[in-house]
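Have a look at data_2.cif; it's mmCIF, C-alpha atoms:
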```cif
data_run
loop_
_atom_site.group_PDB
_atom_site.id
_atom_site.type_symbol
_atom_site.label_atom_id
_atom_site.label_comp_id
_atom_site.auth_asym_id
_atom_site.auth_seq_id
_atom_site.Cartn_x
_atom_site.Cartn_y
_atom_site.Cartn_z
ATOM 1 C CA MET D 643 110.817 116.826 105.097
ATOM 2 C CA LEU D 644 109.518 113.766 106.857
ATOM 3 C CA PHE D 645 105.844 114.568 106.298
ATOM 4 C CA ASP D 646 106.446 114.292 102.553
ATOM 5 C CA ASP D 647 108.526 111.117 102.709
ATOM 6 C CA PRO D 648 106.554 108.158 101.293
ATOM 7 C CA ASN D 649 108.410 105.655 103.467
ATOM 8 C CA CYS D 650 107.541 107.577 106.646
ATOM 9 C CA LEU D 651 103.941 108.082 105.554
ATOM 10 C CA TYR D 652 103.197 104.430 104.889
ATOM 11 C CA LYS D 653 104.899 103.312 108.090
ATOM 12 C CA LEU D 654 102.855 105.883 110.015
ATOM 13 C CA GLY D 655 99.819 104.433 108.233
ATOM 14 C CA ASP D 656 100.791 100.997 109.582
ATOM 15 C CA MET D 657 100.911 102.448 113.085
ATOM 16 C CA TYR D 658 97.381 103.826 112.763
ATOM 17 C CA LEU D 659 96.062 100.682 111.103
ATOM 18 C CA ASN D 660 97.337 98.466 113.906
ATOM 19 C CA GLY D 661 97.114 100.896 116.816
ATOM 20 C CA TYR D 662 100.843 100.889 117.531
ATOM 21 C CA PHE D 663 101.495 103.767 119.982
ATOM 22 C CA VAL D 664 98.492 105.649 118.570
ATOM 23 C CA GLU D 665 94.744 105.171 118.674
ATOM 24 C CA LYS D 666 93.703 102.758 115.920
ATOM 25 C CA ASN D 667 92.231 104.658 112.967
ATOM 26 C CA LYS D 668 91.812 102.662 109.758
ATOM 27 C CA LYS D 669 90.447 105.567 107.744
ATOM 28 C CA TYR D 670 93.451 107.727 108.602
ATOM 29 C CA ALA D 671 95.766 104.792 107.805
ATOM 30 C CA PHE D 672 94.241 104.561 104.316
ATOM 31 C CA THR D 673 94.626 108.323 103.889
ATOM 32 C CA LEU D 674 98.304 108.071 104.825
ATOM 33 C CA TYR D 675 98.868 105.206 102.368
ATOM 34 C CA ASP D 676 97.194 107.222 99.623
ATOM 35 C CA ARG D 677 99.307 110.272 100.456
ATOM 36 C CA ALA D 678 102.457 108.131 100.474
ATOM 37 C CA LEU D 679 101.727 106.984 96.935
ATOM 38 C CA GLU D 680 101.168 110.581 95.824
ATOM 39 C CA GLN D 681 104.580 111.527 97.271
ATOM 40 C CA CYS D 682 106.468 108.914 95.271
ATOM 41 C CA GLU D 683 108.191 111.072 92.691
ATOM 42 C CA ASP D 684 110.080 108.172 91.184
ATOM 43 C CA ARG D 685 107.992 105.131 90.284
ATOM 44 C CA ASP D 686 111.060 103.002 90.994
ATOM 45 C CA ASP D 687 111.031 104.129 94.625
ATOM 46 C CA PHE D 688 111.905 101.145 96.843
ATOM 47 C CA CYS D 689 108.788 101.515 98.999
ATOM 48 C CA ILE D 690 106.251 101.844 96.181
ATOM 49 C CA GLY D 691 105.440 98.123 96.105
ATOM 50 C CA GLY D 692 104.716 98.150 99.828
ATOM 51 C CA ILE D 693 102.462 101.176 99.477
ATOM 52 C CA GLN D 694 100.538 99.654 96.581
ATOM 53 C CA PHE D 695 100.203 96.383 98.504
ATOM 54 C CA ARG D 696 98.678 98.235 101.467
ATOM 55 C CA LEU D 697 96.313 100.270 99.289
ATOM 56 C CA GLY D 698 95.251 97.133 97.440
ATOM 57 C CA LYS D 699 94.583 95.273 100.672
ATOM 58 C CA CYS D 700 92.523 98.164 102.047
ATOM 59 C CA LEU D 701 90.478 98.467 98.858
ATOM 60 C CA LEU D 702 89.928 94.716 98.633
ATOM 61 C CA ARG D 703 88.756 94.346 102.216
ATOM 62 C CA GLY D 704 87.191 97.762 102.822
ATOM 63 C CA ILE D 705 89.758 98.780 105.424
ATOM 64 C CA GLY D 706 89.371 102.503 106.041
ATOM 65 C CA THR D 707 87.651 102.988 102.686
ATOM 66 C CA GLU D 708 84.924 101.598 100.463
ATOM 67 C CA VAL D 709 85.557 98.264 98.763
ATOM 68 C CA ASP D 710 86.804 98.673 95.183
ATOM 69 C CA VAL D 711 87.894 95.256 93.954
ATOM 70 C CA GLU D 712 88.899 96.411 90.490
ATOM 71 C CA GLN D 713 91.206 99.123 91.862
ATOM 72 C CA ALA D 714 92.506 96.694 94.499
ATOM 73 C CA ASN D 715 93.420 94.210 91.773
ATOM 74 C CA THR D 716 95.301 96.933 89.906
ATOM 75 C CA PHE D 717 97.304 98.037 92.957
ATOM 76 C CA LEU D 718 98.079 94.466 93.975
ATOM 77 C CA SER D 719 99.192 93.491 90.463
ATOM 78 C CA VAL D 720 101.599 96.419 90.276
ATOM 79 C CA ALA D 721 102.849 95.654 93.799
ATOM 80 C CA LEU D 722 103.575 92.065 92.748
ATOM 81 C CA ILE D 723 105.702 93.296 89.839
ATOM 82 C CA GLU D 724 107.610 95.597 92.204
ATOM 83 C CA PHE D 725 108.176 92.732 94.664
ATOM 84 C CA TYR D 726 109.519 90.480 91.909
ATOM 85 C CA LYS D 727 112.020 93.227 91.013
ATOM 86 C CA ARG D 728 113.342 93.046 94.600
ATOM 87 C CA ARG D 729 113.465 89.224 94.833
ATOM 88 C CA SER D 730 117.256 88.948 94.584
ATOM 89 C CA THR D 731 118.093 91.781 96.999
ATOM 90 C CA ASP D 732 115.364 91.633 99.665
ATOM 91 C CA PRO D 733 115.132 88.507 101.843
ATOM 92 C CA PHE D 734 111.698 89.515 103.165
ATOM 93 C CA VAL D 735 110.001 89.929 99.797
ATOM 94 C CA LYS D 736 109.207 86.219 99.426
ATOM 95 C CA GLY D 737 106.435 86.475 102.024
ATOM 96 C CA LEU D 738 105.058 89.611 100.383
ATOM 97 C CA ILE D 739 104.943 87.872 97.016
ATOM 98 C CA GLY D 740 102.928 85.011 98.500
ATOM 99 C CA SER D 741 100.491 87.323 100.314
ATOM 100 C CA THR D 742 100.046 89.498 97.239
ATOM 101 C CA LYS D 743 99.341 86.527 94.980
ATOM 102 C CA LYS D 744 96.668 85.278 97.399
ATOM 103 C CA MET D 745 94.944 88.673 97.465
ATOM 104 C CA ILE D 746 95.107 88.957 93.671
ATOM 105 C CA ALA D 747 93.465 85.543 93.388
ATOM 106 C CA GLU D 748 90.782 86.685 95.865
ATOM 107 C CA ALA D 749 90.150 89.864 93.864
ATOM 108 C CA GLN D 750 90.039 88.021 90.556
ATOM 109 C CA GLU D 751 87.613 85.456 91.943
ATOM 110 C CA ILE D 752 85.258 88.265 92.973
ATOM 111 C CA LEU D 753 85.613 89.971 89.583
ATOM 112 C CA ASP D 754 85.079 86.687 87.740
ATOM 113 C CA LYS D 755 81.796 86.122 89.581
ATOM 114 C CA GLU D 756 80.574 89.437 88.211
ATOM 115 C CA VAL D 757 81.368 88.374 84.651
ATOM 116 C CA LEU D 758 80.424 84.699 84.616
#
```
I need this file expressed as structure tokens, please.
Amino acid sequence: MLFDDPNCLYKLGDMYLNGYFVEKNKKYAFTLYDRALEQCEDRDDFCIGGIQFRLGKCLLRGIGTEVDVEQANTFLSVALIEFYKRRSTDPFVKGLIGSTKKMIAEAQEILDKEVL
């Protein structure tokens, strides 16, 4: 069913995050991203990197949820690995790799300030 499909859930989350054809609701967008990750039965699911990227971005910037930099760094790091796996078959992944690396650097800078 569509309501259990991770690809549909995260794309619906994008609609709510950006207010595309629905009223903007960042908290609901985060909830949909989280639910999409829960629905991924196979960790090699094609959309899992995109879901983890979105969750990481939300957690890093406090979009629809509380800021959790450590968890954001974890999601973004796993997303980056997933994007690298797709580098030879997905022409759009290059931009995602760049964006993910920038957010990881941002997260690590924040975490480093807590340690140093």
- Query: Using all atoms listed in the file, which of D:Thr707, D:Ser741, D:Gln681, D:Asn649 sits nearest Asn667 of chain D?
  - Reply: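 Closest to Asn667 of chain D, using all atoms listed in the file: D:Thr707.
Our summary of the geometry notes that atom CA of Ala714 of chain D is positioned 7.7 Å from atom CA of Cys700 of chain D.
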- Task: Provide the atom CA of Gly737 of chain D to atom CA of Glu665 of chain D distance in Å, to one decimal place.
- Result: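 If I compute the distance from atom CA of Gly737 of chain D to atom CA of Glu665 of chain D, I get 27.6 Å.
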- Suppose you want the space between atom CA of Ile693 of chain D and atom CA of Tyr675 of chain D; what is it in Å?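 Atom CA of Tyr675 of chain D lies 6.1 Å from atom CA of Ile693 of chain D.
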- Given the file above and the PyMOL selection byres ((chain D and resi 658) around 10), which residues are selected, and can you give them as a PyMOL selection string? chain D and resi 652-657+659-672+674
Can you translate the PyMOL selection byres ((chain D and resi 715) around 12) into the concrete residues it hits in this file, as a PDB file with C-alpha atoms, in the coordinates of the input?
```pdb
ATOM      1  CA  GLN D 694     100.538  99.654  96.581  1.00  0.00           C
ATOM      2  CA  PHE D 695     100.203  96.383  98.504  1.00  0.00           C
ATOM      3  CA  ARG D 696      98.678  98.235 101.467  1.00  0.00           C
ATOM      4  CA  LEU D 697      96.313 100.270  99.289  1.00  0.00           C
ATOM      5  CA  GLY D 698      95.251  97.133  97.440  1.00  0.00           C
ATOM      6  CA  LYS D 699      94.583  95.273 100.672  1.00  0.00           C
ATOM      7  CA  CYS D 700      92.523  98.164 102.047  1.00  0.00           C
ATOM      8  CA  LEU D 701      90.478  98.467  98.858  1.00  0.00           C
ATOM      9  CA  LEU D 702      89.928  94.716  98.633  1.00  0.00           C
ATOM     10  CA  ARG D 703      88.756  94.346 102.216  1.00  0.00           C
ATOM     11  CA  VAL D 709      85.557  98.264  98.763  1.00  0.00           C
ATOM     12  CA  ASP D 710      86.804  98.673  95.183  1.00  0.00           C
ATOM     13  CA  VAL D 711      87.894  95.256  93.954  1.00  0.00           C
ATOM     14  CA  GLU D 712      88.899  96.411  90.490  1.00  0.00           C
ATOM     15  CA  GLN D 713      91.206  99.123  91.862  1.00  0.00           C
ATOM     16  CA  ALA D 714      92.506  96.694  94.499  1.00  0.00           C
ATOM     17  CA  THR D 716      95.301  96.933  89.906  1.00  0.00           C
ATOM     18  CA  PHE D 717      97.304  98.037  92.957  1.00  0.00           C
ATOM     19  CA  LEU D 718      98.079  94.466  93.975  1.00  0.00           C
ATOM     20  CA  SER D 719      99.192  93.491  90.463  1.00  0.00           C
ATOM     21  CA  VAL D 720     101.599  96.419  90.276  1.00  0.00           C
ATOM     22  CA  ALA D 721     102.849  95.654  93.799  1.00  0.00           C
ATOM     23  CA  LEU D 722     103.575  92.065  92.748  1.00  0.00           C
ATOM     24  CA  THR D 742     100.046  89.498  97.239  1.00  0.00           C
ATOM     25  CA  LYS D 743      99.341  86.527  94.980  1.00  0.00           C
ATOM     26  CA  LYS D 744      96.668  85.278  97.399  1.00  0.00           C
ATOM     27  CA  MET D 745      94.944  88.673  97.465  1.00  0.00           C
ATOM     28  CA  ILE D 746      95.107  88.957  93.671  1.00  0.00           C
ATOM     29  CA  ALA D 747      93.465  85.543  93.388  1.00  0.00           C
ATOM     30  CA  GLU D 748      90.782  86.685  95.865  1.00  0.00           C
ATOM     31  CA  ALA D 749      90.150  89.864  93.864  1.00  0.00           C
ATOM     32  CA  GLN D 750      90.039  88.021  90.556  1.00  0.00           C
ATOM     33  CA  GLU D 751      87.613  85.456  91.943  1.00  0.00           C
ATOM     34  CA  ILE D 752      85.258  88.265  92.973  1.00  0.00           C
ATOM     35  CA  LEU D 753      85.613  89.971  89.583  1.00  0.00           C
ATOM     36  CA  ASP D 754      85.079  86.687  87.740  1.00  0.00           C
TER      37      ASP D 754
END
```
- Query: Which is closest to Leu651 of chain D among D:Thr673, D:Ile705, D:Asp732, D:Ala678, if we use all atoms listed in the file?
  - Reply: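 Comparing D:Thr673, D:Ile705, D:Asp732, D:Ala678 against Leu651 of chain D, the winner is D:Ala678.
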- Task: Just say which residues the PyMOL selection byres ((chain D and resi 724-729) around 9) picks in this file, as a PyMOL selection string.
- Result: chain D and resi 686+688+690-692+719-723+730-736+738-739
Show me, as JSON, the centre and edge lengths in Å to one decimal of the axis-aligned box that covers every listed atom of segment 740-754 of chain D with 4 Å on each side.
```
{"center_x": 94.0, "center_y": 87.5, "center_z": 94.0, "size_x": 25.8, "size_y": 13.0, "size_z": 20.6}
```
Is it possible to dump segment 671-699 of chain D as a PDB file, in the first residue's frame, including just N, CA and C atoms?
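Printed below is selection-v5.pdb as written:
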```pdb
ATOM      1  N   ALA D 671       6.336  16.950   8.224  1.00  0.00           N
ATOM      2  CA  ALA D 671       7.335  16.500   7.256  1.00  0.00           C
ATOM      3  C   ALA D 671       8.363  15.604   7.947  1.00  0.00           C
ATOM      4  N   PHE D 672       8.856  16.051   9.116  1.00  0.00           N
ATOM      5  CA  PHE D 672       9.823  15.237   9.855  1.00  0.00           C
ATOM      6  C   PHE D 672       9.203  13.890  10.240  1.00  0.00           C
ATOM      7  N   THR D 673       7.968  13.911  10.690  1.00  0.00           N
ATOM      8  CA  THR D 673       7.281  12.674  11.058  1.00  0.00           C
ATOM      9  C   THR D 673       7.198  11.722   9.870  1.00  0.00           C
ATOM     10  N   LEU D 674       6.908  12.264   8.695  1.00  0.00           N
ATOM     11  CA  LEU D 674       6.828  11.424   7.494  1.00  0.00           C
ATOM     12  C   LEU D 674       8.193  10.861   7.118  1.00  0.00           C
ATOM     13  N   TYR D 675       9.247  11.658   7.246  1.00  0.00           N
ATOM     14  CA  TYR D 675      10.598  11.150   6.972  1.00  0.00           C
ATOM     15  C   TYR D 675      10.948  10.012   7.936  1.00  0.00           C
ATOM     16  N   ASP D 676      10.625  10.208   9.208  1.00  0.00           N
ATOM     17  CA  ASP D 676      10.910   9.194  10.209  1.00  0.00           C
ATOM     18  C   ASP D 676      10.133   7.904   9.908  1.00  0.00           C
ATOM     19  N   ARG D 677       8.884   8.053   9.538  1.00  0.00           N
ATOM     20  CA  ARG D 677       8.058   6.893   9.194  1.00  0.00           C
ATOM     21  C   ARG D 677       8.592   6.196   7.946  1.00  0.00           C
ATOM     22  N   ALA D 678       9.071   6.981   6.983  1.00  0.00           N
ATOM     23  CA  ALA D 678       9.632   6.393   5.763  1.00  0.00           C
ATOM     24  C   ALA D 678      10.829   5.511   6.098  1.00  0.00           C
ATOM     25  N   LEU D 679      11.684   5.980   7.002  1.00  0.00           N
ATOM     26  CA  LEU D 679      12.836   5.177   7.384  1.00  0.00           C
ATOM     27  C   LEU D 679      12.399   3.889   8.071  1.00  0.00           C
ATOM     28  N   GLU D 680      11.394   3.976   8.914  1.00  0.00           N
ATOM     29  CA  GLU D 680      10.876   2.780   9.596  1.00  0.00           C
ATOM     30  C   GLU D 680      10.332   1.754   8.596  1.00  0.00           C
ATOM     31  N   GLN D 681       9.805   2.227   7.473  1.00  0.00           N
ATOM     32  CA  GLN D 681       9.187   1.335   6.483  1.00  0.00           C
ATOM     33  C   GLN D 681      10.201   0.675   5.552  1.00  0.00           C
ATOM     34  N   CYS D 682      11.433   1.103   5.611  1.00  0.00           N
ATOM     35  CA  CYS D 682      12.458   0.496   4.754  1.00  0.00           C
ATOM     36  C   CYS D 682      12.804  -0.877   5.301  1.00  0.00           C
ATOM     37  N   GLU D 683      12.280  -1.890   4.675  1.00  0.00           N
ATOM     38  CA  GLU D 683      12.533  -3.264   5.115  1.00  0.00           C
ATOM     39  C   GLU D 683      13.946  -3.687   4.747  1.00  0.00           C
ATOM     40  N   ASP D 684      14.384  -3.259   3.599  1.00  0.00           N
ATOM     41  CA  ASP D 684      15.694  -3.632   3.083  1.00  0.00           C
ATOM     42  C   ASP D 684      16.605  -2.430   3.183  1.00  0.00           C
ATOM     43  N   ARG D 685      17.671  -2.521   3.916  1.00  0.00           N
ATOM     44  CA  ARG D 685      18.584  -1.392   4.107  1.00  0.00           C
ATOM     45  C   ARG D 685      19.286  -0.992   2.811  1.00  0.00           C
ATOM     46  N   ASP D 686      19.146  -1.792   1.762  1.00  0.00           N
ATOM     47  CA  ASP D 686      19.693  -1.416   0.472  1.00  0.00           C
ATOM     48  C   ASP D 686      18.643  -0.752  -0.412  1.00  0.00           C
ATOM     49  N   ASP D 687      17.518  -0.404   0.168  1.00  0.00           N
ATOM     50  CA  ASP D 687      16.448   0.278  -0.554  1.00  0.00           C
ATOM     51  C   ASP D 687      17.020   1.528  -1.225  1.00  0.00           C
ATOM     52  N   PHE D 688      16.670   1.751  -2.474  1.00  0.00           N
ATOM     53  CA  PHE D 688      17.215   2.867  -3.255  1.00  0.00           C
ATOM     54  C   PHE D 688      16.983   4.217  -2.592  1.00  0.00           C
ATOM     55  N   CYS D 689      15.871   4.402  -1.921  1.00  0.00           N
ATOM     56  CA  CYS D 689      15.532   5.710  -1.361  1.00  0.00           C
ATOM     57  C   CYS D 689      16.087   5.947   0.036  1.00  0.00           C
ATOM     58  N   ILE D 690      16.743   4.964   0.629  1.00  0.00           N
ATOM     59  CA  ILE D 690      17.163   5.108   2.024  1.00  0.00           C
ATOM     60  C   ILE D 690      18.165   6.252   2.224  1.00  0.00           C
ATOM     61  N   GLY D 691      19.060   6.451   1.282  1.00  0.00           N
ATOM     62  CA  GLY D 691      20.011   7.559   1.397  1.00  0.00           C
ATOM     63  C   GLY D 691      19.298   8.899   1.419  1.00  0.00           C
ATOM     64  N   GLY D 692      18.303   9.054   0.565  1.00  0.00           N
ATOM     65  CA  GLY D 692      17.535  10.295   0.524  1.00  0.00           C
ATOM     66  C   GLY D 692      16.760  10.542   1.808  1.00  0.00           C
ATOM     67  N   ILE D 693      16.248   9.482   2.388  1.00  0.00           N
ATOM     68  CA  ILE D 693      15.510   9.612   3.654  1.00  0.00           C
ATOM     69  C   ILE D 693      16.466  10.008   4.762  1.00  0.00           C
ATOM     70  N   GLN D 694      17.610   9.338   4.845  1.00  0.00           N
ATOM     71  CA  GLN D 694      18.578   9.656   5.886  1.00  0.00           C
ATOM     72  C   GLN D 694      19.138  11.069   5.718  1.00  0.00           C
ATOM     73  N   PHE D 695      19.322  11.495   4.490  1.00  0.00           N
ATOM     74  CA  PHE D 695      19.765  12.869   4.219  1.00  0.00           C
ATOM     75  C   PHE D 695      18.746  13.863   4.782  1.00  0.00           C
ATOM     76  N   ARG D 696      17.477  13.630   4.519  1.00  0.00           N
ATOM     77  CA  ARG D 696      16.426  14.544   4.983  1.00  0.00           C
ATOM     78  C   ARG D 696      16.324  14.553   6.510  1.00  0.00           C
ATOM     79  N   LEU D 697      16.387  13.377   7.120  1.00  0.00           N
ATOM     80  CA  LEU D 697      16.353  13.309   8.581  1.00  0.00           C
ATOM     81  C   LEU D 697      17.563  14.030   9.183  1.00  0.00           C
ATOM     82  N   GLY D 698      18.728  13.795   8.595  1.00  0.00           N
ATOM     83  CA  GLY D 698      19.936  14.448   9.086  1.00  0.00           C
ATOM     84  C   GLY D 698      19.855  15.958   8.987  1.00  0.00           C
ATOM     85  N   LYS D 699      19.347  16.439   7.877  1.00  0.00           N
ATOM     86  CA  LYS D 699      19.200  17.888   7.683  1.00  0.00           C
ATOM     87  C   LYS D 699      18.230  18.470   8.709  1.00  0.00           C
TER      88      LYS D 699
END
```
